[in-house]
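Student: File name run_30.cif; file contents mmCIF, C-alpha atoms (C1' of nucleotides); full text below.
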```cif
data_work
loop_
_atom_site.label_atom_id
_atom_site.label_comp_id
_atom_site.auth_asym_id
_atom_site.auth_seq_id
_atom_site.Cartn_x
_atom_site.Cartn_y
_atom_site.Cartn_z
CA MET A 805 122.56 -53.33 -100.37
CA ALA A 806 119.20 -54.32 -98.98
CA THR A 807 119.06 -57.22 -101.36
CA GLN A 808 121.73 -58.90 -99.31
CA GLN A 809 119.55 -58.80 -96.25
CA ARG A 810 116.58 -60.09 -98.14
CA ARG A 811 118.66 -63.00 -99.39
CA GLU A 812 119.83 -63.90 -95.95
CA ARG A 813 116.29 -63.74 -94.68
CA GLU A 814 115.09 -66.01 -97.47
CA ARG A 815 117.92 -68.41 -96.73
CA ALA A 816 116.96 -68.50 -93.08
CA GLU A 817 113.35 -69.12 -93.99
CA ARG A 818 114.31 -71.95 -96.25
CA GLU A 819 116.46 -73.43 -93.53
CA THR A 820 113.58 -73.54 -91.09
CA LEU A 821 111.46 -74.90 -93.91
CA ILE A 822 113.89 -77.79 -94.26
CA VAL A 823 113.98 -78.49 -90.54
CA THR A 824 110.22 -78.31 -90.28
CA ALA A 825 109.73 -80.59 -93.26
CA ALA A 826 112.22 -83.12 -91.90
CA ARG A 827 110.50 -83.08 -88.57
CA GLU A 828 107.02 -83.52 -90.04
CA MET A 829 108.16 -86.33 -92.30
CA ALA A 830 109.89 -88.08 -89.42
CA GLU A 831 106.88 -87.71 -87.18
CA ALA A 832 104.61 -89.00 -89.93
CA ASP A 833 106.55 -91.94 -91.34
CA GLY A 834 109.63 -92.40 -89.18
CA TRP A 835 113.20 -91.19 -89.59
CA PRO A 836 114.29 -93.83 -92.11
CA SER A 837 111.82 -92.38 -94.59
CA VAL A 838 113.38 -88.94 -94.25
CA THR A 839 115.82 -89.18 -97.14
CA ILE A 840 117.60 -86.32 -98.84
CA ARG A 841 115.77 -87.06 -102.05
CA ARG A 842 112.32 -87.03 -100.49
CA LEU A 843 113.19 -84.01 -98.39
CA ALA A 844 114.35 -82.13 -101.49
CA GLU A 845 111.18 -83.00 -103.35
CA ARG A 846 109.10 -81.95 -100.39
CA ILE A 847 110.62 -78.48 -100.23
CA GLU A 848 110.66 -78.29 -104.02
CA TYR A 849 114.40 -77.85 -104.42
CA SER A 850 117.09 -80.15 -105.72
CA GLN A 851 119.23 -82.18 -103.34
CA PRO A 852 122.38 -80.03 -103.46
CA VAL A 853 120.44 -77.12 -102.00
CA LEU A 854 120.14 -79.06 -98.77
CA TYR A 855 123.88 -79.38 -98.61
CA SER A 856 124.28 -75.62 -98.89
CA HIS A 857 122.41 -75.39 -95.60
CA PHE A 858 123.56 -78.50 -93.75
CA ALA A 859 126.71 -80.57 -93.84
CA GLY A 860 124.67 -83.70 -94.44
CA ARG A 861 121.67 -85.69 -93.37
CA GLY A 862 123.01 -86.01 -89.86
CA ALA A 863 123.17 -82.27 -89.44
CA ILE A 864 119.49 -82.00 -90.33
CA VAL A 865 118.63 -84.59 -87.72
CA ASP A 866 120.75 -82.66 -85.25
CA ALA A 867 118.86 -79.48 -86.07
CA VAL A 868 115.55 -81.18 -85.37
CA ALA A 869 117.03 -82.57 -82.18
CA MET A 870 118.18 -79.14 -81.11
CA GLN A 871 114.78 -77.63 -81.80
CA GLY A 872 113.13 -80.47 -79.94
CA ILE A 873 115.34 -80.14 -76.90
CA GLY A 874 114.48 -76.47 -76.81
CA GLU A 875 110.79 -77.26 -76.82
CA LEU A 876 111.26 -79.97 -74.22
CA ALA A 877 113.03 -77.44 -72.02
CA GLU A 878 110.12 -75.04 -72.41
CA SER A 879 107.62 -77.76 -71.60
CA LEU A 880 109.47 -78.75 -68.46
CA GLU A 881 109.84 -75.18 -67.30
CA ALA A 882 106.20 -74.44 -68.00
CA ALA A 883 105.14 -77.52 -66.08
CA ARG A 884 107.30 -76.57 -63.14
CA ALA A 885 106.11 -72.98 -63.10
CA GLY A 886 102.49 -73.98 -63.43
CA ALA A 887 102.51 -76.64 -60.75
CA GLU A 888 101.22 -76.19 -57.24
CA SER A 889 103.83 -75.96 -54.55
CA GLY A 890 105.13 -79.41 -53.73
CA ALA A 891 103.91 -80.93 -56.98
CA GLU A 892 106.63 -79.51 -59.19
CA LEU A 893 108.59 -82.74 -59.49
CA ALA A 894 105.55 -84.74 -60.52
CA ALA A 895 104.57 -82.08 -63.05
CA VAL A 896 108.02 -81.92 -64.60
CA ALA A 897 108.36 -85.68 -64.78
CA GLN A 898 104.93 -86.01 -66.34
CA ALA A 899 105.78 -83.32 -68.88
CA TYR A 900 108.94 -85.23 -69.81
CA LEU A 901 107.05 -88.46 -70.38
CA ASP A 902 104.32 -86.66 -72.28
CA PHE A 903 106.83 -85.05 -74.58
CA ALA A 904 108.35 -88.43 -75.36
CA THR A 905 105.01 -89.94 -76.26
CA ASP A 906 103.63 -86.91 -78.07
CA HIS A 907 106.68 -86.29 -80.25
CA PRO A 908 108.37 -89.67 -80.59
CA ALA A 909 110.38 -88.79 -83.69
CA VAL A 910 111.74 -85.60 -82.15
CA PHE A 911 112.52 -87.47 -78.97
CA GLU A 912 114.32 -90.10 -80.99
CA ALA A 913 116.29 -87.44 -82.83
CA ALA A 914 117.29 -85.77 -79.60
CA PHE A 915 118.34 -88.87 -77.67
CA THR A 916 119.30 -91.67 -80.02
CA LEU A 917 119.92 -90.22 -83.48
CA ALA A 918 121.73 -86.96 -82.81
CA GLU A 919 125.46 -87.45 -82.96
CA GLY A 920 126.96 -84.05 -83.59
CA LEU A 921 125.49 -82.16 -80.68
CA PRO A 922 128.00 -80.66 -78.29
CA PHE A 923 127.29 -81.59 -74.70
CA GLY A 924 129.34 -81.22 -71.61
CA PRO A 925 130.75 -77.95 -70.35
CA ASP A 926 130.70 -76.15 -73.70
CA ALA A 927 127.17 -77.05 -74.66
CA PRO A 928 125.03 -74.33 -76.19
CA GLU A 929 122.61 -72.48 -73.98
CA VAL A 930 119.59 -74.27 -75.41
CA LEU A 931 120.82 -77.63 -74.24
CA LYS A 932 121.70 -76.42 -70.80
CA ALA A 933 118.27 -74.82 -70.48
CA GLY A 934 116.70 -78.25 -70.47
CA PHE A 935 118.65 -79.14 -67.39
CA ALA A 936 117.50 -76.11 -65.41
CA PRO A 937 113.94 -77.17 -64.57
CA LEU A 938 115.18 -80.64 -63.70
CA PHE A 939 117.77 -79.17 -61.40
CA ALA A 940 115.14 -76.97 -59.85
CA VAL A 941 113.00 -79.91 -58.82
CA PHE A 942 115.70 -82.43 -57.93
CA ALA A 943 118.30 -80.30 -56.18
CA PRO A 944 116.09 -79.66 -53.12
CA LEU A 945 115.99 -83.43 -52.60
CA ALA A 946 119.75 -83.78 -52.62
CA GLY A 947 120.35 -84.13 -48.92
CA ASP A 948 123.98 -84.99 -48.40
CA HIS A 949 124.65 -85.69 -52.07
CA ASP A 950 125.86 -83.43 -54.83
CA PRO A 951 122.76 -81.66 -56.19
CA GLU A 952 123.90 -82.10 -59.76
CA ALA A 953 124.43 -85.80 -59.27
CA VAL A 954 120.95 -86.11 -57.79
CA THR A 955 119.53 -84.21 -60.73
CA GLU A 956 121.35 -86.42 -63.20
CA ALA A 957 120.17 -89.54 -61.40
CA GLY A 958 116.59 -88.30 -61.32
CA TRP A 959 116.71 -87.31 -64.95
CA ALA A 960 118.12 -90.72 -65.83
CA ALA A 961 115.29 -92.43 -63.98
CA ILE A 962 112.61 -90.49 -65.84
CA HIS A 963 114.44 -90.86 -69.12
CA GLY A 964 114.76 -94.60 -68.67
CA LEU A 965 111.06 -94.82 -68.04
CA ALA A 966 110.42 -92.92 -71.26
CA VAL A 967 112.68 -94.97 -73.52
CA LEU A 968 111.82 -98.40 -72.17
CA ALA A 969 108.13 -97.59 -72.44
CA ARG A 970 108.58 -96.27 -75.96
CA ASP A 971 110.33 -99.45 -77.06
CA GLY A 972 107.62 -101.66 -75.65
CA ARG A 973 109.85 -103.09 -72.97
CA LEU A 974 107.41 -102.33 -70.14
CA ARG A 975 103.81 -103.24 -69.57
CA PRO A 976 102.01 -100.39 -71.34
CA VAL A 977 99.29 -99.96 -68.78
CA HIS A 978 101.27 -99.31 -65.66
CA GLN A 979 103.23 -96.21 -66.65
CA GLN A 980 101.48 -94.07 -64.06
CA GLU A 981 102.24 -96.52 -61.31
CA ARG A 982 105.88 -96.73 -62.30
CA LEU A 983 106.11 -92.96 -62.24
CA ALA A 984 104.44 -92.91 -58.85
CA VAL A 985 107.05 -95.33 -57.56
CA LEU A 986 109.89 -93.16 -58.81
CA LEU A 987 108.38 -90.01 -57.36
CA GLU A 988 107.88 -91.63 -54.00
CA LYS A 989 111.37 -93.10 -53.92
CA PHE A 990 112.87 -89.70 -54.67
CA THR A 991 110.70 -87.58 -52.42
CA THR A 992 110.71 -89.66 -49.24
CA THR A 993 113.74 -88.50 -47.39
CA MET B 1266 120.20 -140.28 -93.65
CA ALA B 1267 122.91 -139.05 -91.36
CA THR B 1268 123.97 -136.51 -93.95
CA GLN B 1269 120.82 -134.62 -93.22
CA GLN B 1270 121.83 -134.21 -89.61
CA ARG B 1271 125.32 -133.16 -90.55
CA ARG B 1272 123.90 -130.51 -92.87
CA GLU B 1273 121.67 -129.13 -90.22
CA ARG B 1274 124.57 -129.05 -87.83
CA GLU B 1275 126.72 -127.24 -90.36
CA ARG B 1276 123.92 -124.80 -91.00
CA ALA B 1277 123.63 -124.10 -87.30
CA GLU B 1278 127.36 -123.59 -87.04
CA ARG B 1279 127.32 -121.18 -89.91
CA GLU B 1280 124.46 -119.30 -88.34
CA THR B 1281 126.36 -118.76 -85.12
CA LEU B 1282 129.35 -117.85 -87.25
CA ILE B 1283 127.29 -115.09 -88.85
CA VAL B 1284 126.01 -113.78 -85.54
CA THR B 1285 129.46 -113.87 -84.00
CA ALA B 1286 131.00 -112.10 -86.96
CA ALA B 1287 128.32 -109.42 -86.94
CA ARG B 1288 128.84 -108.89 -83.25
CA GLU B 1289 132.59 -108.63 -83.53
CA MET B 1290 132.40 -106.26 -86.45
CA ALA B 1291 129.87 -104.08 -84.63
CA GLU B 1292 131.95 -104.02 -81.49
CA ALA B 1293 135.06 -103.17 -83.48
CA ASP B 1294 133.81 -100.54 -85.92
CA GLY B 1295 130.21 -99.77 -85.02
CA TRP B 1296 126.94 -101.10 -86.41
CA PRO B 1297 126.85 -98.92 -89.54
CA SER B 1298 129.94 -100.73 -90.78
CA VAL B 1299 128.21 -104.08 -90.45
CA THR B 1300 126.90 -104.36 -94.00
CA ILE B 1301 125.69 -107.48 -95.71
CA ARG B 1302 128.54 -107.27 -98.19
CA ARG B 1303 131.23 -106.99 -95.56
CA LEU B 1304 129.59 -109.64 -93.45
CA ALA B 1305 129.45 -112.01 -96.42
CA GLU B 1306 133.10 -111.41 -97.21
CA ARG B 1307 134.03 -111.97 -93.60
CA ILE B 1308 132.39 -115.37 -93.42
CA GLU B 1309 133.59 -116.19 -96.93
CA TYR B 1310 130.19 -116.72 -98.48
CA SER B 1311 128.17 -114.69 -100.93
CA GLN B 1312 125.45 -112.34 -99.76
CA PRO B 1313 122.42 -114.52 -100.60
CA VAL B 1314 123.64 -117.12 -98.12
CA LEU B 1315 122.95 -114.67 -95.32
CA TYR B 1316 119.37 -114.40 -96.47
CA SER B 1317 118.94 -118.14 -96.27
CA HIS B 1318 119.60 -117.80 -92.54
CA PHE B 1319 118.04 -114.45 -91.70
CA ALA B 1320 115.19 -112.46 -93.17
CA GLY B 1321 117.44 -109.45 -93.54
CA ARG B 1322 120.00 -107.27 -91.88
CA GLY B 1323 117.58 -106.38 -89.10
CA ALA B 1324 117.14 -110.03 -88.18
CA ILE B 1325 120.89 -110.38 -87.74
CA VAL B 1326 120.94 -107.38 -85.43
CA ASP B 1327 118.04 -108.93 -83.54
CA ALA B 1328 119.97 -112.16 -83.17
CA VAL B 1329 122.93 -110.32 -81.68
CA ALA B 1330 120.53 -108.44 -79.43
CA MET B 1331 118.97 -111.69 -78.28
CA GLN B 1332 122.33 -113.24 -77.53
CA GLY B 1333 123.37 -110.10 -75.71
CA ILE B 1334 120.28 -109.99 -73.57
CA GLY B 1335 120.93 -113.58 -72.61
CA GLU B 1336 124.42 -112.73 -71.51
CA LEU B 1337 123.22 -109.64 -69.69
CA ALA B 1338 120.75 -111.81 -67.83
CA GLU B 1339 123.53 -114.17 -66.84
CA SER B 1340 125.72 -111.31 -65.68
CA LEU B 1341 122.95 -109.88 -63.56
CA GLU B 1342 122.10 -113.22 -62.02
CA ALA B 1343 125.75 -113.97 -61.33
CA ALA B 1344 126.19 -110.58 -59.69
CA ARG B 1345 123.14 -111.12 -57.53
CA ALA B 1346 124.15 -114.61 -56.50
CA GLY B 1347 127.70 -113.57 -55.75
CA ALA B 1348 126.86 -110.54 -53.70
CA GLU B 1349 126.87 -110.36 -49.95
CA SER B 1350 123.53 -110.24 -48.29
CA GLY B 1351 122.13 -106.75 -48.53
CA ALA B 1352 124.39 -105.73 -51.37
CA GLU B 1353 122.54 -107.56 -54.10
CA LEU B 1354 120.89 -104.47 -55.55
CA ALA B 1355 124.16 -102.59 -55.79
CA ALA B 1356 125.85 -105.57 -57.40
CA VAL B 1357 123.11 -106.08 -59.99
CA ALA B 1358 122.98 -102.41 -60.85
CA GLN B 1359 126.75 -102.25 -61.20
CA ALA B 1360 126.71 -105.33 -63.42
CA TYR B 1361 124.10 -103.66 -65.64
CA LEU B 1362 126.19 -100.53 -66.06
CA ASP B 1363 129.33 -102.55 -66.63
CA PHE B 1364 127.68 -104.57 -69.35
CA ALA B 1365 126.61 -101.40 -71.11
CA THR B 1366 130.12 -99.97 -71.08
CA ASP B 1367 131.93 -103.23 -71.82
CA HIS B 1368 129.76 -104.27 -74.76
CA PRO B 1369 128.40 -101.02 -76.19
CA ALA B 1370 127.53 -102.45 -79.59
CA VAL B 1371 125.62 -105.37 -78.10
CA PHE B 1372 123.86 -103.02 -75.71
CA GLU B 1373 122.96 -100.78 -78.61
CA ALA B 1374 121.62 -103.74 -80.56
CA ALA B 1375 119.54 -104.89 -77.63
CA PHE B 1376 118.01 -101.55 -76.69
CA THR B 1377 117.99 -99.18 -79.63
CA LEU B 1378 118.51 -101.17 -82.82
CA ALA B 1379 116.47 -104.32 -82.30
CA GLU B 1380 113.03 -103.93 -83.76
CA GLY B 1381 111.69 -107.40 -84.30
CA LEU B 1382 112.03 -108.79 -80.80
CA PRO B 1383 108.81 -109.96 -79.22
CA PHE B 1384 108.31 -108.48 -75.78
CA GLY B 1385 105.32 -108.40 -73.56
CA PRO B 1386 103.45 -111.48 -72.36
CA ASP B 1387 104.59 -113.77 -75.18
CA ALA B 1388 108.28 -112.96 -74.99
CA PRO B 1389 110.73 -115.84 -75.28
CA GLU B 1390 112.19 -117.25 -72.11
CA VAL B 1391 115.57 -115.64 -72.69
CA LEU B 1392 114.15 -112.16 -72.57
CA LYS B 1393 112.13 -112.83 -69.46
CA ALA B 1394 115.20 -114.28 -67.76
CA GLY B 1395 116.79 -110.86 -67.77
CA PHE B 1396 113.94 -109.56 -65.71
CA ALA B 1397 114.29 -112.17 -63.00
CA PRO B 1398 117.39 -110.91 -61.18
CA LEU B 1399 116.04 -107.39 -61.36
CA PHE B 1400 112.78 -108.55 -59.86
CA ALA B 1401 114.68 -110.41 -57.17
CA VAL B 1402 116.43 -107.27 -55.97
CA PHE B 1403 113.66 -104.74 -56.44
CA ALA B 1404 110.57 -106.61 -55.36
CA PRO B 1405 111.60 -106.69 -51.68
CA LEU B 1406 111.63 -102.90 -51.77
CA ALA B 1407 108.11 -102.65 -53.11
CA GLY B 1408 106.31 -101.73 -49.92
CA ASP B 1409 102.73 -100.89 -50.80
CA HIS B 1410 103.36 -100.80 -54.52
CA ASP B 1411 103.09 -103.50 -57.14
CA PRO B 1412 106.42 -105.40 -57.07
CA GLU B 1413 106.56 -105.56 -60.85
CA ALA B 1414 105.99 -101.84 -61.15
CA VAL B 1415 108.78 -101.19 -58.67
CA THR B 1416 111.05 -103.51 -60.61
CA GLU B 1417 110.24 -101.77 -63.86
CA ALA B 1418 110.84 -98.38 -62.30
CA GLY B 1419 114.14 -99.47 -60.84
CA TRP B 1420 115.21 -101.06 -64.08
CA ALA B 1421 114.30 -97.87 -65.91
CA ALA B 1422 116.39 -95.80 -63.52
CA ILE B 1423 119.47 -97.93 -64.03
CA HIS B 1424 118.85 -98.15 -67.74
CA GLY B 1425 118.51 -94.38 -68.03
CA LEU B 1426 121.80 -93.98 -66.23
CA ALA B 1427 123.42 -96.35 -68.72
CA VAL B 1428 122.11 -94.73 -71.89
CA LEU B 1429 122.56 -91.11 -70.89
CA ALA B 1430 126.11 -91.83 -69.79
CA ARG B 1431 126.81 -93.72 -73.00
CA ASP B 1432 125.60 -90.81 -75.12
CA GLY B 1433 127.77 -88.32 -73.26
CA ARG B 1434 124.80 -86.54 -71.72
CA LEU B 1435 126.13 -86.78 -68.18
CA ARG B 1436 129.38 -85.69 -66.58
CA PRO B 1437 131.57 -88.72 -67.15
CA VAL B 1438 133.26 -88.67 -63.79
CA HIS B 1439 130.31 -88.90 -61.46
CA GLN B 1440 128.72 -92.15 -62.53
CA GLN B 1441 129.44 -93.82 -59.21
CA GLU B 1442 127.88 -90.99 -57.30
CA ARG B 1443 124.79 -91.03 -59.49
CA LEU B 1444 124.44 -94.75 -58.90
CA ALA B 1445 124.87 -94.23 -55.17
CA VAL B 1446 122.05 -91.69 -55.26
CA LEU B 1447 119.75 -94.12 -57.01
CA LEU B 1448 120.58 -96.95 -54.67
CA GLU B 1449 119.96 -94.81 -51.64
CA LYS B 1450 116.71 -93.46 -52.97
CA PHE B 1451 115.45 -96.94 -53.65
CA THR B 1452 116.65 -98.63 -50.48
CA THR B 1453 115.65 -96.08 -47.86
CA THR B 1454 112.14 -97.01 -46.99
"C1'" DC C 952 120.34 -50.24 -121.08
"C1'" DT C 953 123.87 -53.53 -121.61
"C1'" DC C 954 126.92 -56.64 -120.30
"C1'" DG C 955 130.29 -59.38 -117.47
"C1'" DG C 956 131.07 -61.42 -113.22
"C1'" DA C 957 129.26 -63.37 -109.08
"C1'" DT C 958 125.84 -66.02 -107.01
"C1'" DG C 959 122.70 -69.50 -106.88
"C1'" DT C 960 120.58 -73.82 -108.63
"C1'" DC C 961 120.23 -77.95 -111.16
"C1'" DT C 962 121.47 -82.18 -113.87
"C1'" DA C 963 123.96 -86.16 -113.85
"C1'" DG C 964 126.61 -89.41 -111.74
"C1'" DC C 965 129.75 -91.99 -108.22
"C1'" DG C 966 130.21 -95.46 -104.91
"C1'" DG C 967 127.68 -97.57 -101.60
"C1'" DT C 968 123.42 -99.92 -99.44
"C1'" DG C 969 119.77 -103.98 -98.73
"C1'" DC C 970 117.88 -107.37 -101.20
"C1'" DT C 971 116.60 -110.95 -105.01
"C1'" DA C 972 115.85 -113.58 -109.53
"C1'" DG C 973 117.80 -116.91 -112.09
"C1'" DA C 974 121.99 -119.33 -113.57
"C1'" DA C 975 125.56 -122.46 -112.20
"C1'" DT C 976 127.37 -125.73 -109.28
"C1'" DT C 977 127.64 -129.21 -106.02
"C1'" DT C 978 125.65 -133.05 -103.53
"C1'" DC C 979 123.40 -137.27 -103.03
"C1'" DG C 980 120.28 -141.35 -103.56
"C1'" DT C 981 119.25 -144.58 -107.03
"C1'" DA D 1190 127.23 -143.22 -113.47
"C1'" DC D 1191 123.55 -140.50 -113.78
"C1'" DG D 1192 119.67 -137.46 -112.98
"C1'" DA D 1193 117.22 -134.92 -109.55
"C1'" DA D 1194 117.48 -132.00 -105.62
"C1'" DA D 1195 119.60 -128.94 -102.77
"C1'" DT D 1196 122.84 -125.29 -102.40
"C1'" DT D 1197 125.61 -121.49 -103.74
"C1'" DC D 1198 126.89 -117.79 -106.74
"C1'" DT D 1199 126.66 -114.10 -110.37
"C1'" DA D 1200 124.49 -110.22 -111.76
"C1'" DG D 1201 121.44 -106.74 -111.15
"C1'" DC D 1202 117.48 -103.68 -109.26
"C1'" DA D 1203 116.06 -99.65 -106.77
"C1'" DC D 1204 117.52 -96.77 -103.50
"C1'" DC D 1205 120.76 -94.25 -100.46
"C1'" DG D 1206 124.09 -89.98 -99.18
"C1'" DC D 1207 126.77 -86.99 -101.42
"C1'" DT D 1208 129.26 -84.03 -105.11
"C1'" DA D 1209 131.47 -82.15 -109.52
"C1'" DG D 1210 130.54 -79.41 -113.08
"C1'" DA D 1211 127.13 -77.40 -116.25
"C1'" DC D 1212 123.54 -74.09 -116.34
"C1'" DA D 1213 120.68 -70.23 -115.10
"C1'" DT D 1214 119.84 -66.11 -112.62
"C1'" DC D 1215 120.83 -61.89 -110.56
"C1'" DC D 1216 123.18 -57.61 -109.76
"C1'" DG D 1217 126.14 -53.66 -110.13
"C1'" DA D 1218 129.44 -50.99 -113.09
"C1'" DG D 1219 129.89 -48.38 -117.22
#
```
Can the structure in the file be given as structure tokens, please?
Tutor:
Amino acid sequence: MATQQRRERERAERETLIVTAAREMAEADGWPSVTIRRLAERIEYSQPVLYSHFAGRGAIVDAVAMQGIGELAESLEAARAGAESGAELAAVAQAYLDFATDHPAVFEAAFTLAEGLPFGPDAPEVLKAGFAPLFAVFAPLAGDHDPEAVTEAGWAAIHGLAVLARDGRLRPVHQQERLAVLLEKFTTT
Amino acid sequence: MATQQRRERERAERETLIVTAAREMAEADGWPSVTIRRLAERIEYSQPVLYSHFAGRGAIVDAVAMQGIGELAESLEAARAGAESGAELAAVAQAYLDFATDHPAVFEAAFTLAEGLPFGPDAPEVLKAGFAPLFAVFAPLAGDHDPEAVTEAGWAAIHGLAVLARDGRLRPVHQQERLAVLLEKFTTT
DNA sequence: CTCGGATGTCTAGCGGTGCTAGAATTTCGT
DNA sequence: ACGAAATTCTAGCACCGCTAGACATCCGAG
């Protein structure tokens, strides 16, 4: 019957409602304040409903992480596509750092909280998509090295800049200069 | 009286006992399993005793983080001092990555769990000491840039390599090649 | 239109957490 | 030996993630 379809659609809507609510709460008050109880109250359902959608709290965090990685991938690709020739690397790197500062809770979910996300060879397409724009800008600088290794190293450099800055480990003011150093070190052959 | 001194000494001993126990438990079974109850049982005292030494669980994690950063600083300095001329950067970077893989729980405490550690200008001497060997190896490569900015950028690159590898985000096998890429990018002027 | 089964949702509760007030004990100088 | 002071413990609060079982709702067959 058509009712079946309607039910599935409503379930899907409620699932995105949960993910969205979790994300907003995390971004507003931090992940520790995103509890099952508060989340249930927020979406106006009882706690067990959440467990009919997700295996547990961790799975909800993972869902936000997944969504966030997807958006990060889009941001990076957009930055690369929109950059002038020769400035793609700088644009992508800047987009990465901007994403980290603009959506700290999502960034945290994606890179320090998420535990159940499958990486490696059998990672879902969404996760691999984030690597593509990075590969596009770093691979041309590979020289004699493995392009993937260069991409991973470049990604790690940008990522390290993002996390250390986020945690207050670096002088807040000089982020642009640090990025400039990295870009120069990677681009000068 | 002399009893006063003995008490303070015993208190200090118990405090290091707590930190050591927390560290061992974290390294053995992960930080989530380091609960106040288990920690109290381990040191054979009741829970409130822990609160007479530390403001809360977070302060204990911070103490482990502090201790770990001190040891990391020593490792880096030892690697730098023991390296052949010209190979200091590689040695320090390798020591950093080794520390992350050899003491994952301490590394986690220092860089993702610790929240109450004072950084910036008024950071304690121990924390600044970790920066010194990094500065020693990166500053000579500064060129026209600010030596501190270059150091921070280089540190970030190594750190990113450590955390992404730890979280399974990178192909496990190619860590050496990634490091080689970073070293080359930073050393070629 | 009714009714019985299936589906969905909720109430209530378990064991665990960090943390703390106040009782009980131990220690120590007089 | 005793009373005060310092120390430690018992017991409990509010909250957490999670779940079993009661309850309500919905839907299709007769």
Student: Would you kindly translate the PyMOL selection byres ((chain A) within 8 of (chain B)) into the concrete residues it picks from this file, as a PDB file with C-alpha atoms, in the frame of the given file?
Tutor:
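Result file follows (expr30.pdb):
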```pdb
ATOM      1  CA  PHE A 915     118.340 -88.870 -77.670  1.00  0.00           C
ATOM      2  CA  THR A 916     119.300 -91.670 -80.020  1.00  0.00           C
ATOM      3  CA  PHE A 923     127.290 -81.590 -74.700  1.00  0.00           C
ATOM      4  CA  GLY A 924     129.340 -81.220 -71.610  1.00  0.00           C
ATOM      5  CA  HIS A 949     124.650 -85.690 -52.070  1.00  0.00           C
ATOM      6  CA  ALA A 953     124.430 -85.800 -59.270  1.00  0.00           C
ATOM      7  CA  VAL A 954     120.950 -86.110 -57.790  1.00  0.00           C
ATOM      8  CA  GLU A 956     121.350 -86.420 -63.200  1.00  0.00           C
ATOM      9  CA  ALA A 957     120.170 -89.540 -61.400  1.00  0.00           C
ATOM     10  CA  GLY A 958     116.590 -88.300 -61.320  1.00  0.00           C
ATOM     11  CA  TRP A 959     116.710 -87.310 -64.950  1.00  0.00           C
ATOM     12  CA  ALA A 960     118.120 -90.720 -65.830  1.00  0.00           C
ATOM     13  CA  ALA A 961     115.290 -92.430 -63.980  1.00  0.00           C
ATOM     14  CA  ILE A 962     112.610 -90.490 -65.840  1.00  0.00           C
ATOM     15  CA  HIS A 963     114.440 -90.860 -69.120  1.00  0.00           C
ATOM     16  CA  GLY A 964     114.760 -94.600 -68.670  1.00  0.00           C
ATOM     17  CA  LEU A 965     111.060 -94.820 -68.040  1.00  0.00           C
ATOM     18  CA  LEU A 968     111.820 -98.400 -72.170  1.00  0.00           C
ATOM     19  CA  ASP A 971     110.330 -99.450 -77.060  1.00  0.00           C
ATOM     20  CA  GLY A 972     107.620-101.660 -75.650  1.00  0.00           C
ATOM     21  CA  ARG A 973     109.850-103.090 -72.970  1.00  0.00           C
ATOM     22  CA  LEU A 974     107.410-102.330 -70.140  1.00  0.00           C
ATOM     23  CA  ARG A 975     103.810-103.240 -69.570  1.00  0.00           C
ATOM     24  CA  HIS A 978     101.270 -99.310 -65.660  1.00  0.00           C
ATOM     25  CA  GLU A 981     102.240 -96.520 -61.310  1.00  0.00           C
ATOM     26  CA  ARG A 982     105.880 -96.730 -62.300  1.00  0.00           C
ATOM     27  CA  LEU A 983     106.110 -92.960 -62.240  1.00  0.00           C
ATOM     28  CA  VAL A 985     107.050 -95.330 -57.560  1.00  0.00           C
ATOM     29  CA  LEU A 986     109.890 -93.160 -58.810  1.00  0.00           C
ATOM     30  CA  LYS A 989     111.370 -93.100 -53.920  1.00  0.00           C
ATOM     31  CA  PHE A 990     112.870 -89.700 -54.670  1.00  0.00           C
ATOM     32  CA  THR A 992     110.710 -89.660 -49.240  1.00  0.00           C
ATOM     33  CA  THR A 993     113.740 -88.500 -47.390  1.00  0.00           C
TER      34      THR A 993
END
```
Student: Counting only C-alpha atoms (C1' of nucleotides), what are the residues of chain B within 8 Å of chain C, and for each of them which pair of atoms is the nearest and at what distance in Å, to one decimal? Sort the table by chain and rising number, as a Markdown table.
Tutor:
```
| residue | atom | partner | partner_atom | distance |
| --- | --- | --- | --- | --- |
| B:Thr1300 | CA | C:DT968 | C1' | 7.8 |
| B:Ile1301 | CA | C:DG969 | C1' | 7.5 |
| B:Gly1321 | CA | C:DG969 | C1' | 7.9 |
| B:Arg1322 | CA | C:DG969 | C1' | 7.6 |
```
Student: Evaluate the PyMOL selection byres ((chain D) within 10 of (chain B)) on the structure here and hand back the selected residues as a list in words.
Tutor: DT1196, DT1197, DC1198 and DT1199 of chain D
Student: Quick one: residues within 10 Å of stretch 937-940 of chain A, only C-alpha atoms (C1' of nucleotides) counted, chain neighbours fewer than 4 positions away excluded, as an MDAnalysis selection string?
Tutor: chainID A and resid 877:885 892:893 896:897 900 932:933 944:945 951:956 958:959
Student: Report the distance between atom CA of B:Ala1356 and atom CA of B:Phe1396 in Å, rounded to one decimal place.
Tutor: 15.1 Å
